[in-house]
file my_file06.txt (compact mmCIF, C-alpha atoms)
# COMPACT_ATOMS: atom_id res chain seq x y z
CA MET V 1 2.86 7.61 0.61
CA ARG V 2 2.51 9.93 -2.34
CA SER V 3 2.64 13.65 -2.36
CA GLU V 4 0.42 15.60 -4.72
CA CYS V 5 2.70 18.59 -4.55
CA THR V 6 4.96 18.51 -7.59
CA PRO V 7 6.04 15.88 -10.11
CA SER V 8 9.37 15.54 -8.33
CA LEU V 9 7.60 14.63 -5.11
CA GLN V 10 5.18 12.12 -6.59
CA LYS V 11 7.74 9.36 -6.47
CA ARG V 12 7.31 7.19 -3.41
CA ILE V 13 9.88 7.82 -0.68
CA VAL V 14 11.25 4.34 -0.04
CA GLY V 15 12.78 5.36 3.28
CA TYR V 16 9.33 5.95 4.78
CA ASP V 17 8.31 2.42 3.80
CA LEU V 18 11.48 1.09 5.42
CA ALA V 19 10.77 3.06 8.61
CA ARG V 20 7.20 1.74 8.65
CA ALA V 21 8.50 -1.81 8.30
CA LEU V 22 10.87 -1.28 11.23
CA ALA V 23 7.99 0.13 13.29
CA VAL V 24 5.88 -2.95 12.52
CA PHE V 25 8.77 -5.23 13.51
CA GLY V 26 9.13 -3.34 16.78
CA MET V 27 5.42 -3.59 17.56
CA VAL V 28 5.49 -7.32 16.87
CA VAL V 29 8.35 -7.79 19.35
CA VAL V 30 6.65 -5.66 22.03
CA ASN V 31 3.25 -7.30 21.63
CA PHE V 32 4.57 -10.87 21.46
CA LYS V 33 6.64 -10.15 24.57
CA ILE V 34 3.52 -9.00 26.43
CA VAL V 35 1.11 -11.71 25.30
CA LEU V 36 3.69 -14.44 25.97
CA GLY V 37 4.29 -13.11 29.48
CA ALA V 38 8.00 -12.87 28.69
CA GLU V 39 8.71 -9.29 29.77
CA HIS V 40 10.99 -10.24 32.67
CA HIS V 41 11.90 -13.82 31.77
CA GLY V 42 15.39 -13.36 30.41
CA PRO V 43 18.84 -11.91 31.04
CA ALA V 44 18.74 -8.42 32.59
CA TRP V 45 20.58 -6.84 29.66
CA LEU V 46 18.14 -8.37 27.15
CA VAL V 47 15.10 -7.35 29.21
CA HIS V 48 16.41 -3.77 29.28
CA LEU V 49 17.28 -3.74 25.57
CA VAL V 50 13.90 -5.08 24.45
CA GLY V 51 12.19 -2.77 26.94
CA LEU V 52 13.51 0.22 24.99
CA LEU V 53 11.13 -0.71 22.16
CA SER V 54 8.05 -0.27 24.35
CA GLY V 55 6.12 2.72 23.07
CA ARG V 56 8.88 3.69 20.62
CA ALA V 57 7.80 1.48 17.73
CA ALA V 58 4.15 2.54 18.02
CA ALA V 59 5.20 6.19 18.33
CA THR V 60 7.24 5.87 15.13
CA PHE V 61 4.20 4.37 13.40
CA VAL V 62 2.03 7.34 14.44
CA VAL V 63 4.68 9.92 13.47
CA LEU V 64 4.85 8.30 10.04
CA ALA V 65 1.07 8.67 9.75
CA GLY V 66 1.45 12.38 10.39
CA ILE V 67 4.13 12.61 7.72
CA GLY V 68 1.79 10.86 5.29
CA ILE V 69 -1.00 13.33 6.02
CA SER V 70 1.28 16.27 5.27
CA LEU V 71 2.39 14.69 2.01
CA ILE V 72 -1.22 14.06 0.97
CA CYS V 73 -2.23 17.64 1.72
CA ARG V 74 0.92 19.47 0.61
CA LYS V 75 -0.27 20.49 -2.85
CA ALA V 76 -3.64 21.84 -1.70
CA LEU V 77 -2.01 23.61 1.24
CA SER V 78 0.72 25.24 -0.85
CA LEU V 79 -1.83 26.48 -3.42
CA ASN V 80 -4.36 27.50 -0.75
CA ASP V 81 -6.80 25.26 -2.62
CA ARG V 82 -9.89 25.12 -0.41
CA GLU V 83 -11.62 22.57 -2.60
CA GLY V 84 -8.55 20.36 -2.55
CA MET V 85 -8.26 20.69 1.23
CA ALA V 86 -11.92 19.77 1.63
CA ARG V 87 -11.38 16.72 -0.57
CA ASN V 88 -8.33 15.68 1.46
CA ARG V 89 -10.29 16.20 4.68
CA ARG V 90 -13.10 13.94 3.48
CA THR V 91 -10.59 11.25 2.55
CA LEU V 92 -8.96 11.41 5.96
CA LEU V 93 -12.29 11.29 7.79
CA LYS V 94 -13.43 8.24 5.84
CA ARG V 95 -10.15 6.44 6.58
CA SER V 96 -10.33 7.42 10.23
CA LEU V 97 -13.85 5.99 10.53
CA PHE V 98 -12.75 2.74 8.88
CA LEU V 99 -9.80 2.36 11.26
CA PHE V 100 -11.91 3.24 14.30
CA VAL V 101 -14.59 0.66 13.48
CA VAL V 102 -12.10 -2.07 12.52
CA GLY V 103 -10.04 -1.32 15.62
CA LEU V 104 -13.03 -1.56 17.95
CA ALA V 105 -14.07 -4.85 16.33
CA TYR V 106 -10.49 -6.01 16.83
CA THR V 107 -10.32 -5.00 20.51
CA PRO V 108 -11.94 -8.16 21.96
CA VAL V 109 -9.17 -10.15 20.23
CA TRP V 110 -6.37 -7.71 21.08
CA PRO V 111 -7.19 -5.27 23.91
CA ALA V 112 -3.98 -3.29 23.24
CA ASP V 113 -5.16 -2.40 19.72
CA ILE V 114 -3.92 0.91 18.37
CA LEU V 115 -6.17 1.13 15.28
CA HIS V 116 -9.23 2.70 16.92
CA PHE V 117 -6.98 5.27 18.63
CA TYR V 118 -5.30 5.82 15.28
CA GLY V 119 -8.67 6.55 13.72
CA VAL V 120 -9.34 9.34 16.23
CA TYR V 121 -5.85 10.84 15.73
CA ILE V 122 -6.48 11.05 11.99
CA ALA V 123 -9.97 12.51 12.48
CA LEU V 124 -8.52 15.29 14.62
CA ALA V 125 -5.73 15.87 12.10
CA ALA V 126 -8.32 16.26 9.35
CA PHE V 127 -9.50 19.44 11.07
CA LEU V 128 -5.97 20.70 11.76
CA ILE V 129 -4.33 20.20 8.37
CA ALA V 130 -4.62 23.88 7.45
CA LEU V 131 -2.74 25.06 10.55
CA SER V 132 0.64 26.70 10.09
CA THR V 133 3.75 24.87 11.24
CA ARG V 134 4.02 27.21 14.22
CA GLN V 135 0.43 26.48 15.19
CA LEU V 136 1.10 22.74 14.95
CA TRP V 137 4.05 23.18 17.32
CA VAL V 138 1.77 25.03 19.75
CA CYS V 139 -0.72 22.16 19.60
CA CYS V 140 2.12 19.71 20.27
CA GLY V 141 3.16 21.67 23.33
CA ALA V 142 -0.41 21.99 24.57
CA GLY V 143 -1.08 18.27 24.20
CA THR V 144 2.17 17.41 25.97
CA LEU V 145 1.36 19.62 28.95
CA LEU V 146 -2.35 18.81 29.10
CA PHE V 147 -1.82 15.17 29.99
CA PRO V 148 0.05 15.81 33.29
CA VAL V 149 -2.76 18.18 34.29
CA MET V 150 -5.29 15.43 33.61
CA PHE V 151 -3.10 12.87 35.37
CA PHE V 152 -2.97 14.88 38.59
CA THR V 153 -6.63 15.88 38.37
CA LEU V 154 -8.32 12.64 37.32
CA ASN V 155 -7.93 9.02 38.41
CA TYR V 156 -5.52 7.40 35.98
CA ASP V 157 -6.08 3.94 37.52
CA GLN V 158 -9.86 4.02 37.03
CA GLY V 159 -11.05 0.96 35.15
CA TRP V 160 -7.72 -0.84 35.22
CA ASN V 161 -6.75 -4.14 36.79
CA TRP V 162 -3.00 -3.78 36.40
CA GLU V 163 -2.39 -7.42 37.30
CA THR V 164 -4.36 -8.76 34.32
CA LEU V 165 -4.45 -5.60 32.15
CA ASP V 166 -8.23 -5.89 31.99
CA TYR V 167 -10.23 -2.67 31.71
CA ALA V 168 -13.60 -2.65 33.49
CA GLY V 169 -16.43 -0.81 31.75
CA PHE V 170 -14.63 -0.40 28.43
CA TRP V 171 -17.86 -0.88 26.45
CA THR V 172 -19.79 1.74 28.43
CA SER V 173 -19.87 5.26 27.01
CA ALA V 174 -18.01 6.75 30.00
CA GLY V 175 -15.44 3.96 30.08
CA MET V 176 -14.74 4.11 26.36
CA VAL V 177 -14.31 7.89 26.36
CA ARG V 178 -12.02 7.71 29.39
CA ASN V 179 -9.96 4.91 27.88
CA LEU V 180 -9.83 6.54 24.46
CA PHE V 181 -8.81 10.02 25.54
CA PHE V 182 -7.05 9.59 28.87
CA ASN V 183 -5.90 6.24 30.26
CA GLY V 184 -6.00 3.65 27.49
CA PHE V 185 -2.97 2.02 25.92
CA HIS V 186 -2.53 4.88 23.40
CA PRO V 187 -4.78 7.71 24.65
CA VAL V 188 -5.59 10.53 22.25
CA ILE V 189 -4.24 12.95 24.85
CA PRO V 190 -1.30 13.05 24.47
CA TRP V 191 -0.59 10.50 21.69
CA VAL V 192 -2.07 12.76 19.02
CA VAL V 193 1.05 14.88 19.62
CA PHE V 194 3.07 12.24 17.74
CA LEU V 195 0.76 12.62 14.73
CA LEU V 196 0.94 16.42 14.79
CA PHE V 197 4.71 16.23 15.15
CA GLY V 198 4.79 13.94 12.12
CA MET V 199 2.81 16.54 10.19
CA VAL V 200 5.56 19.04 10.98
CA ILE V 201 8.26 16.61 9.81
CA GLY V 202 6.25 15.90 6.65
CA ARG V 203 6.50 19.58 5.71
CA GLN V 204 10.30 19.38 5.61
CA ASP V 205 12.23 18.55 2.46
CA MET V 206 13.52 15.10 3.35
CA GLY V 207 15.14 14.91 -0.06
CA ASP V 208 17.74 17.33 1.31
CA SER V 209 20.53 15.34 3.00
CA GLY V 210 21.36 18.28 5.26
CA ILE V 211 17.82 18.40 6.61
CA ARG V 212 17.86 14.64 7.13
CA ARG V 213 21.09 14.88 9.13
CA ARG V 214 19.71 17.71 11.30
CA ILE V 215 16.48 15.82 12.00
CA PHE V 216 18.47 12.70 12.88
CA ALA V 217 20.85 14.60 15.16
CA TRP V 218 18.09 16.54 16.93
CA GLY V 219 15.94 13.43 17.31
CA LEU V 220 18.74 11.33 18.71
CA GLY V 221 19.88 14.16 20.97
CA VAL V 222 16.41 14.79 22.39
CA ALA V 223 15.87 11.07 23.00
CA VAL V 224 19.21 10.67 24.79
CA VAL V 225 18.68 13.78 26.92
CA ALA V 226 15.13 12.72 27.85
CA GLU V 227 16.29 9.23 28.84
CA SER V 228 19.23 10.65 30.80
CA VAL V 229 17.14 13.22 32.65
CA SER V 230 14.58 10.53 33.46
CA TRP V 231 17.25 8.18 34.82
CA LEU V 232 18.85 10.93 36.90
CA LEU V 233 15.58 12.21 38.38
CA ILE V 234 14.37 8.73 39.28
CA ARG V 235 17.71 7.83 40.85
CA VAL V 236 17.91 11.04 42.93
CA LEU V 237 14.26 11.30 43.97
CA SER V 238 13.85 7.60 44.76
CA SER V 239 16.74 7.56 47.19
CA GLY V 240 15.27 6.82 50.62
CA ALA V 241 11.66 6.83 49.34
CA ASN V 242 9.20 4.08 50.22
CA LEU V 243 7.89 1.68 47.58
CA ALA V 244 4.69 3.62 46.88
CA ASP V 245 6.60 6.86 46.41
CA GLN V 246 9.14 5.15 44.18
CA GLU V 247 6.36 3.87 41.94
CA ALA V 248 4.87 7.36 41.74
CA ILE V 249 8.27 8.86 40.88
CA VAL V 250 8.81 6.32 38.10
CA ALA V 251 5.32 7.00 36.73
CA ILE V 252 5.85 10.77 36.66
CA PHE V 253 9.47 10.97 35.52
CA GLY V 254 9.86 7.70 33.63
CA THR V 255 9.90 7.16 29.87
CA GLU V 256 7.45 4.25 29.77
CA PRO V 257 4.38 4.73 27.53
CA MET V 258 1.95 4.25 30.43
CA PRO V 259 1.42 6.85 31.72
CA PRO V 260 2.63 8.92 28.72
CA MET V 261 4.31 11.77 30.55
CA PRO V 262 6.32 14.54 28.81
CA LEU V 263 9.68 12.76 29.13
CA TYR V 264 8.20 9.73 27.36
CA LEU V 265 6.86 11.94 24.54
CA LEU V 266 10.29 13.51 24.12
CA ALA V 267 12.05 10.14 24.18
CA GLY V 268 9.53 8.50 21.84
CA GLY V 269 9.32 11.43 19.45
CA GLY V 270 13.09 11.85 19.37
CA ALA V 271 13.65 8.16 18.69
CA ALA V 272 11.03 8.24 15.93
CA CYS V 273 12.81 11.20 14.29
CA ALA V 274 16.15 9.43 14.35
CA ILE V 275 14.71 6.17 12.97
CA ILE V 276 12.77 7.90 10.19
CA ALA V 277 15.65 10.17 9.14
CA ALA V 278 18.08 7.23 9.12
CA SER V 279 15.61 5.11 7.13
CA VAL V 280 15.16 7.84 4.52
CA GLU V 281 18.94 8.15 4.26
CA VAL V 282 19.26 4.40 3.70
CA GLY V 283 16.42 4.54 1.18
CA GLU V 284 18.12 7.33 -0.77
CA ARG V 285 21.49 5.58 -0.82
CA PHE V 286 20.19 2.11 -1.69
CA LYS V 287 16.91 2.86 -3.47
CA ASP V 288 17.82 0.60 -6.40
CA ALA V 289 19.19 -2.24 -4.25
CA ALA V 290 17.36 -5.56 -4.54
CA TRP V 291 17.65 -6.24 -0.80
CA LEU V 292 15.66 -3.10 0.05
CA ARG V 293 12.57 -4.00 -2.00
CA PRO V 294 11.21 -6.69 0.38
CA PHE V 295 11.50 -4.28 3.33
CA ALA V 296 9.78 -1.52 1.39
CA ALA V 297 7.00 -3.94 0.46
CA THR V 298 6.65 -4.84 4.14
CA GLY V 299 6.16 -1.19 5.03
CA GLN V 300 3.54 -0.84 2.29
CA LEU V 301 1.56 -3.72 3.84
CA ALA V 302 1.90 -2.41 7.41
CA LEU V 303 -1.84 -2.44 8.16
CA THR V 304 -2.26 -6.00 6.88
CA LEU V 305 0.73 -7.23 8.87
CA TYR V 306 -0.42 -5.44 12.01
CA VAL V 307 -3.73 -7.32 11.88
CA ALA V 308 -1.98 -10.57 10.92
CA HIS V 309 0.47 -10.50 13.82
CA VAL V 310 -2.46 -10.95 16.20
CA VAL V 311 -4.89 -13.05 14.17
CA ILE V 312 -2.27 -15.35 12.64
CA GLY V 313 0.85 -14.87 14.77
CA MET V 314 -0.69 -14.93 18.25
CA GLY V 315 -3.42 -17.29 17.06
CA THR V 316 -0.77 -19.82 16.04
CA LEU V 317 1.05 -19.49 19.36
CA GLU V 318 -2.22 -19.99 21.23
CA ALA V 319 -2.97 -23.12 19.18
CA MET V 320 0.50 -24.40 20.13
CA GLY V 321 -0.24 -23.75 23.79
CA ARG V 322 2.68 -21.35 24.04
CA LEU V 323 0.92 -18.26 25.41
CA ASN V 324 1.92 -17.08 28.91
CA ASP V 325 5.03 -17.80 30.96
CA GLN V 326 7.40 -18.02 28.03
CA SER V 327 11.01 -16.88 27.96
CA LEU V 328 12.05 -13.62 26.36
CA VAL V 329 14.34 -15.56 24.02
CA PHE V 330 11.35 -17.59 22.83
CA ALA V 331 9.29 -14.41 22.34
CA LEU V 332 12.08 -12.89 20.26
CA GLY V 333 12.37 -16.10 18.24
CA ALA V 334 8.63 -16.13 17.56
CA SER V 335 8.80 -12.46 16.57
CA PHE V 336 11.66 -13.16 14.19
CA VAL V 337 9.77 -16.02 12.53
CA PHE V 338 6.65 -13.90 12.06
CA CYS V 339 8.60 -10.89 10.74
CA LEU V 340 10.54 -13.05 8.31
CA ALA V 341 7.31 -14.64 7.08
CA GLY V 342 5.81 -11.14 6.79
CA ILE V 343 8.73 -9.91 4.67
CA ILE V 344 8.46 -12.91 2.33
CA PHE V 345 4.68 -12.58 2.05
CA ALA V 346 4.85 -8.82 1.44
CA HIS V 347 7.53 -9.20 -1.22
CA PHE V 348 5.60 -11.78 -3.25
CA TRP V 349 2.24 -10.08 -2.70
CA ARG V 350 3.56 -6.73 -3.93
CA SER V 351 5.04 -8.40 -6.98
CA ARG V 352 1.47 -9.18 -8.07
CA PHE V 353 -0.76 -6.64 -6.32
CA LYS V 354 -0.52 -2.92 -5.69
CA ARG V 355 -1.92 -2.97 -2.14
CA GLY V 356 -2.22 -5.37 0.77
CA PRO V 357 -5.48 -7.19 1.60
CA VAL V 358 -6.55 -4.94 4.45
CA GLU V 359 -5.36 -1.84 2.58
CA VAL V 360 -7.54 -2.87 -0.39
CA MET V 361 -10.50 -3.35 1.96
CA MET V 362 -10.01 0.11 3.45
CA ARG V 363 -9.77 1.74 0.04
CA ALA V 364 -12.85 -0.10 -1.25
CA VAL V 365 -14.95 0.80 1.78
CA CYS V 366 -13.85 4.44 1.78
CA GLU V 367 -14.42 4.88 -1.96
CA ARG V 368 -17.83 3.24 -1.74
CA SER V 369 -18.82 5.43 1.20
CA GLY V 370 -17.94 8.50 -0.85
CA ARG V 371 -20.33 7.70 -3.69

call {"tool": "encode", "arguments": {"input": "my_file06.txt", "output": "C-alpha cells"}}
result
Amino acid sequence: MRSECTPSLQKRIVGYDLARALAVFGMVVVNFKIVLGAEHHGPAWLVHLVGLLSGRAAATFVVLAGIGISLICRKALSLNDREGMARNRRTLLKRSLFLFVVGLAYTPVWPADILHFYGVYIALAAFLIALSTRQLWVCCGAGTLLFPVMFFTLNYDQGWNWETLDYAGFWTSAGMVRNLFFNGFHPVIPWVVFLLFGMVIGRQDMGDSGIRRRIFAWGLGVAVVAESVSWLLIRVLSSGANLADQEAIVAIFGTEPMPPMPLYLLAGGGAACAIIAASVEVGERFKDAAWLRPFAATGQLALTLYVAHVVIGMGTLEAMGRLNDQSLVFALGASFVFCLAGIIFAHFWRSRFKRGPVEVMMRAVCERSGR
C-alpha cells in the first residue's frame, strides 16, 4: 500500500504486508480445514485453537483493505481535492468490479469465496471515502446493529443446506442478493463494518509507536472481553435449555462468523487490530532484516496466493484423493506446505517482478477499462 499524502508516507509500510501475509496463512488453514472435513477430527485443544482462526483471518484481511483505501485517499482528503477524490473513487470502483466478477467466476470452484463480497465492500467504500472519522464510526455502529434486526426479521436459514453447505438458488437474482447482503459466508451487512473500521485505522499515524501500542491494547482488550462475555452468556443461558434453544443461544451470543452477530464483530475487529498493530511494530523494528522480506513479499502477493490456495492447493489435494474425512493434523500439515511454498514463490517472484500474476491482471484490466 502506498499513501499519496506526503513524501514521508510514500514508503511502503512493511508491517501491513506482514499482517496481510498472516491473514492469508490464517485463511489457508481455515479453508483447508473445512474442505478436508477436518474441523472436529483432532485433539480437543487443537480443535479449539484452530477454531479461533475462523472468521478472524478473513476479518483481518478486510480491515487491511480499509486501511489501504484510507492511505490511497489520504492526500486528496486532506487537501479537500475533489478531482483527486473523484479519481480515487473511479480507481476503487474499477477494482471492485474486477474482484466481483472474478469472485463470481471463482464461486463454482470455491463456494466460500470472499472476493465477490470484497468487491461490494470496496464499491460501498468508494462512496463513503469523504466521510469524517466520526461519520465512519456511526456507519460501523449502524452496520453492527442492523444485522441482528435483519436476523430476527428475515429467515437466516433460507437457501442453506447446513449439512452440505450448499446454497439453493444462489444464481437467481433473489438468492444472490440475499446471499450477498444477508446470509452468505461474508455478507455485506455487517462485514462491510470491518472495511469501514479499517478506514478509521488507516487515518491514524501508525508510524507513532504510542498509537500502535494503544491500538494493540484496545484491540486485544476488546477481543478478550467479547470472547469472555460470549462464553459467560452462553454458559449461563444454556443451563437447563433444550438442544434447539442452546443452538439459538450460541448463534445469537457466540463469536462464530456465521451468523455474524455483534460479539463476533467485536472479537474479529479487536483481533484484527491487535494483529495489525503488532505486525507494524515488528515491521518497524526489523524493516531491514532479511528474514522479513519473504513475508512482506507474501503479503504483496495476497490476491494471487488466495486464488492459488484453491486452484493449486485444494486441486492438488483432490488429485491425491485426500479431500474429506481427513485429520486436523493432516489439514494443518497441508496448510503449512502450501504456505511455505507460497512464501518461497512470493520471495523469488518479487525479486524479479513488481506485482503478482493476479495483481498484474487486475491492474491491466482496470487501466484498460479507464481508457

call {"tool": "closest_residue", "arguments": {"input": "my_file06.txt", "among": "V:Glu163, V:Ala44, V:Ala59, V:Tyr118", "to": "Ala267 in chain V", "atoms": "only C-alpha atoms"}}
result
V:Ala59

call {"tool": "atom_distance", "arguments": {"input": "my_file06.txt", "atom1": "CA of Leu323 in chain V", "atom2": "CA of Phe25 in chain V"}}
result
19.3 Å

call {"tool": "atom_distance", "arguments": {"input": "my_file06.txt", "atom1": "CA of Gly68 in chain V", "atom2": "CA of Gly202 in chain V"}}
result
6.9 Å

call {"tool": "residues_around", "arguments": {"input": "my_file06.txt", "residues": "Pro187 in chain V", "least_positions_apart": "2", "cutoff": "10 Å", "atoms": "all atoms listed in the file", "output": "mmCIF file with C-alpha atoms, keeping the file's coordinate frame"}}
result
data_model
loop_
_atom_site.group_PDB
_atom_site.id
_atom_site.type_symbol
_atom_site.label_atom_id
_atom_site.label_comp_id
_atom_site.auth_asym_id
_atom_site.auth_seq_id
_atom_site.Cartn_x
_atom_site.Cartn_y
_atom_site.Cartn_z
ATOM 1 C CA ILE V 114 -3.920 0.910 18.370
ATOM 2 C CA PHE V 117 -6.980 5.270 18.630
ATOM 3 C CA TYR V 118 -5.300 5.820 15.280
ATOM 4 C CA VAL V 120 -9.340 9.340 16.230
ATOM 5 C CA TYR V 121 -5.850 10.840 15.730
ATOM 6 C CA PHE V 147 -1.820 15.170 29.990
ATOM 7 C CA VAL V 177 -14.310 7.890 26.360
ATOM 8 C CA ARG V 178 -12.020 7.710 29.390
ATOM 9 C CA ASN V 179 -9.960 4.910 27.880
ATOM 10 C CA LEU V 180 -9.830 6.540 24.460
ATOM 11 C CA PHE V 181 -8.810 10.020 25.540
ATOM 12 C CA PHE V 182 -7.050 9.590 28.870
ATOM 13 C CA ASN V 183 -5.900 6.240 30.260
ATOM 14 C CA GLY V 184 -6.000 3.650 27.490
ATOM 15 C CA PHE V 185 -2.970 2.020 25.920
ATOM 16 C CA ILE V 189 -4.240 12.950 24.850
ATOM 17 C CA PRO V 190 -1.300 13.050 24.470
ATOM 18 C CA TRP V 191 -0.590 10.500 21.690
ATOM 19 C CA VAL V 192 -2.070 12.760 19.020
ATOM 20 C CA MET V 258 1.950 4.250 30.430
ATOM 21 C CA PRO V 259 1.420 6.850 31.720
ATOM 22 C CA PRO V 260 2.630 8.920 28.720
#

call {"tool": "atom_distance", "arguments": {"input": "my_file06.txt", "atom1": "CA of Arg285 in chain V", "atom2": "CA of Arg212 in chain V"}}
result
12.6 Å

call {"tool": "closest_residue", "arguments": {"input": "my_file06.txt", "among": "V:Arg322, V:Ala126, V:Leu301, V:Gly26", "to": "Trp349 in chain V", "atoms": "all atoms listed in the file"}}
result
V:Leu301

call {"tool": "closest_residue", "arguments": {"input": "my_file06.txt", "among": "V:Ala123, V:Ala364, V:Val24, V:Ala142", "to": "Ser335 in chain V", "atoms": "only C-alpha atoms"}}
result
V:Val24

call {"tool": "closest_residue", "arguments": {"input": "my_file06.txt", "among": "V:Ala112, V:Val200, V:Leu136, V:Leu305", "to": "Ala65 in chain V", "atoms": "only C-alpha atoms"}}
result
V:Val200

call {"tool": "closest_residue", "arguments": {"input": "my_file06.txt", "among": "V:Arg235, V:His116, V:Arg203, V:Arg352", "to": "Ile72 in chain V", "atoms": "all atoms listed in the file"}}
result
V:Arg203

call {"tool": "closest_residue", "arguments": {"input": "my_file06.txt", "among": "V:Arg90, V:Arg214, V:His186, V:Arg293", "to": "Cys366 in chain V", "atoms": "all atoms listed in the file"}}
result
V:Arg90

call {"tool": "residues_around", "arguments": {"input": "my_file06.txt", "residues": "Arg213 in chain V", "least_positions_apart": "2", "cutoff": "12 Å", "atoms": "only C-alpha atoms", "output": "CSV table (one decimal) with C-alpha atoms, in the frame of the given file"}}
result
chain,number,residue,atom,x,y,z
V,205,ASP,CA,12.2,18.6,2.5
V,206,MET,CA,13.5,15.1,3.4
V,207,GLY,CA,15.1,14.9,-0.1
V,208,ASP,CA,17.7,17.3,1.3
V,209,SER,CA,20.5,15.3,3.0
V,210,GLY,CA,21.4,18.3,5.3
V,211,ILE,CA,17.8,18.4,6.6
V,215,ILE,CA,16.5,15.8,12.0
V,216,PHE,CA,18.5,12.7,12.9
V,217,ALA,CA,20.8,14.6,15.2
V,218,TRP,CA,18.1,16.5,16.9
V,219,GLY,CA,15.9,13.4,17.3
V,220,LEU,CA,18.7,11.3,18.7
V,221,GLY,CA,19.9,14.2,21.0
V,273,CYS,CA,12.8,11.2,14.3
V,274,ALA,CA,16.2,9.4,14.4
V,275,ILE,CA,14.7,6.2,13.0
V,276,ILE,CA,12.8,7.9,10.2
V,277,ALA,CA,15.6,10.2,9.1
V,278,ALA,CA,18.1,7.2,9.1
V,279,SER,CA,15.6,5.1,7.1
V,280,VAL,CA,15.2,7.8,4.5
V,281,GLU,CA,18.9,8.2,4.3
V,282,VAL,CA,19.3,4.4,3.7

call {"tool": "axis_aligned_box", "arguments": {"input": "my_file06.txt", "around": "range 255-269 of chain V", "padding_each_side": "8 Å", "output": "lines of an AutoDock Vina configuration file"}}
result
center_x = 6.7
center_y = 9.4
center_z = 25.6
size_x = 26.6
size_y = 26.3
size_z = 28.3

call {"tool": "residues_around", "arguments": {"input": "my_file06.txt", "residues": "Ile69 in chain V", "least_positions_apart": "5", "cutoff": "12 Å", "atoms": "all atoms listed in the file", "output": "PyMOL selection string"}}
result
chain V and resi 1-4+62-64+74-77+85+88-89+91-93+95-96+121-130+195-203

call {"tool": "residues_around", "arguments": {"input": "my_file06.txt", "residues": "Leu232 in chain V", "least_positions_apart": "6", "cutoff": "10 Å", "atoms": "all atoms listed in the file", "output": "PDB file with C-alpha atoms, in the frame of the given file"}}
result
ATOM      1  CA  ALA V 226      15.130  12.720  27.850  1.00  0.00           C
ATOM      2  CA  SER V 238      13.850   7.600  44.760  1.00  0.00           C
ATOM      3  CA  PHE V 253       9.470  10.970  35.520  1.00  0.00           C
TER       4      PHE V 253
END

call {"tool": "build_atoms", "arguments": {"input": "my_file06.txt", "residues": "range 85-89 of chain V", "atoms": "all heavy atoms", "output": "PDB file, in the frame of the given file"}}
result
ATOM      1  N   MET V  85      -8.348  20.973  -0.194  1.00  0.00           N
ATOM      2  CA  MET V  85      -8.260  20.690   1.230  1.00  0.00           C
ATOM      3  C   MET V  85      -9.513  19.989   1.723  1.00  0.00           C
ATOM      4  O   MET V  85      -9.440  19.057   2.542  1.00  0.00           O
ATOM      5  CB  MET V  85      -8.042  21.990   2.009  1.00  0.00           C
ATOM      6  CG  MET V  85      -6.690  22.640   1.776  1.00  0.00           C
ATOM      7  SD  MET V  85      -5.309  21.631   2.385  1.00  0.00           S
ATOM      8  CE  MET V  85      -5.467  21.912   4.148  1.00  0.00           C
ATOM      9  N   ALA V  86     -10.663  20.420   1.232  1.00  0.00           N
ATOM     10  CA  ALA V  86     -11.920  19.770   1.630  1.00  0.00           C
ATOM     11  C   ALA V  86     -11.947  18.324   1.154  1.00  0.00           C
ATOM     12  O   ALA V  86     -12.406  17.431   1.878  1.00  0.00           O
ATOM     13  CB  ALA V  86     -13.105  20.544   1.057  1.00  0.00           C
ATOM     14  N   ARG V  87     -11.438  18.079  -0.033  1.00  0.00           N
ATOM     15  CA  ARG V  87     -11.380  16.720  -0.570  1.00  0.00           C
ATOM     16  C   ARG V  87     -10.438  15.855   0.272  1.00  0.00           C
ATOM     17  O   ARG V  87     -10.756  14.707   0.615  1.00  0.00           O
ATOM     18  CB  ARG V  87     -10.930  16.758  -2.024  1.00  0.00           C
ATOM     19  CG  ARG V  87     -10.978  15.416  -2.726  1.00  0.00           C
ATOM     20  CD  ARG V  87     -10.832  15.582  -4.233  1.00  0.00           C
ATOM     21  NE  ARG V  87      -9.632  16.343  -4.589  1.00  0.00           N
ATOM     22  CZ  ARG V  87      -9.655  17.580  -5.088  1.00  0.00           C
ATOM     23  NH1 ARG V  87     -10.809  18.205  -5.280  1.00  0.00           N
ATOM     24  NH2 ARG V  87      -8.526  18.199  -5.414  1.00  0.00           N
ATOM     25  N   ASN V  88      -9.280  16.407   0.615  1.00  0.00           N
ATOM     26  CA  ASN V  88      -8.330  15.680   1.460  1.00  0.00           C
ATOM     27  C   ASN V  88      -8.937  15.390   2.838  1.00  0.00           C
ATOM     28  O   ASN V  88      -8.757  14.313   3.405  1.00  0.00           O
ATOM     29  CB  ASN V  88      -7.043  16.489   1.637  1.00  0.00           C
ATOM     30  CG  ASN V  88      -6.247  16.584   0.360  1.00  0.00           C
ATOM     31  OD1 ASN V  88      -6.334  15.713  -0.507  1.00  0.00           O
ATOM     32  ND2 ASN V  88      -5.469  17.645   0.218  1.00  0.00           N
ATOM     33  N   ARG V  89      -9.665  16.374   3.364  1.00  0.00           N
ATOM     34  CA  ARG V  89     -10.290  16.200   4.680  1.00  0.00           C
ATOM     35  C   ARG V  89     -11.318  15.076   4.653  1.00  0.00           C
ATOM     36  O   ARG V  89     -11.377  14.253   5.570  1.00  0.00           O
ATOM     37  CB  ARG V  89     -10.936  17.528   5.110  1.00  0.00           C
ATOM     38  CG  ARG V  89     -11.462  17.518   6.526  1.00  0.00           C
ATOM     39  CD  ARG V  89     -11.921  18.893   6.954  1.00  0.00           C
ATOM     40  NE  ARG V  89     -10.780  19.789   7.177  1.00  0.00           N
ATOM     41  CZ  ARG V  89     -10.493  20.844   6.422  1.00  0.00           C
ATOM     42  NH1 ARG V  89     -11.266  21.153   5.383  1.00  0.00           N
ATOM     43  NH2 ARG V  89      -9.450  21.596   6.700  1.00  0.00           N
TER      44      ARG V  89
END
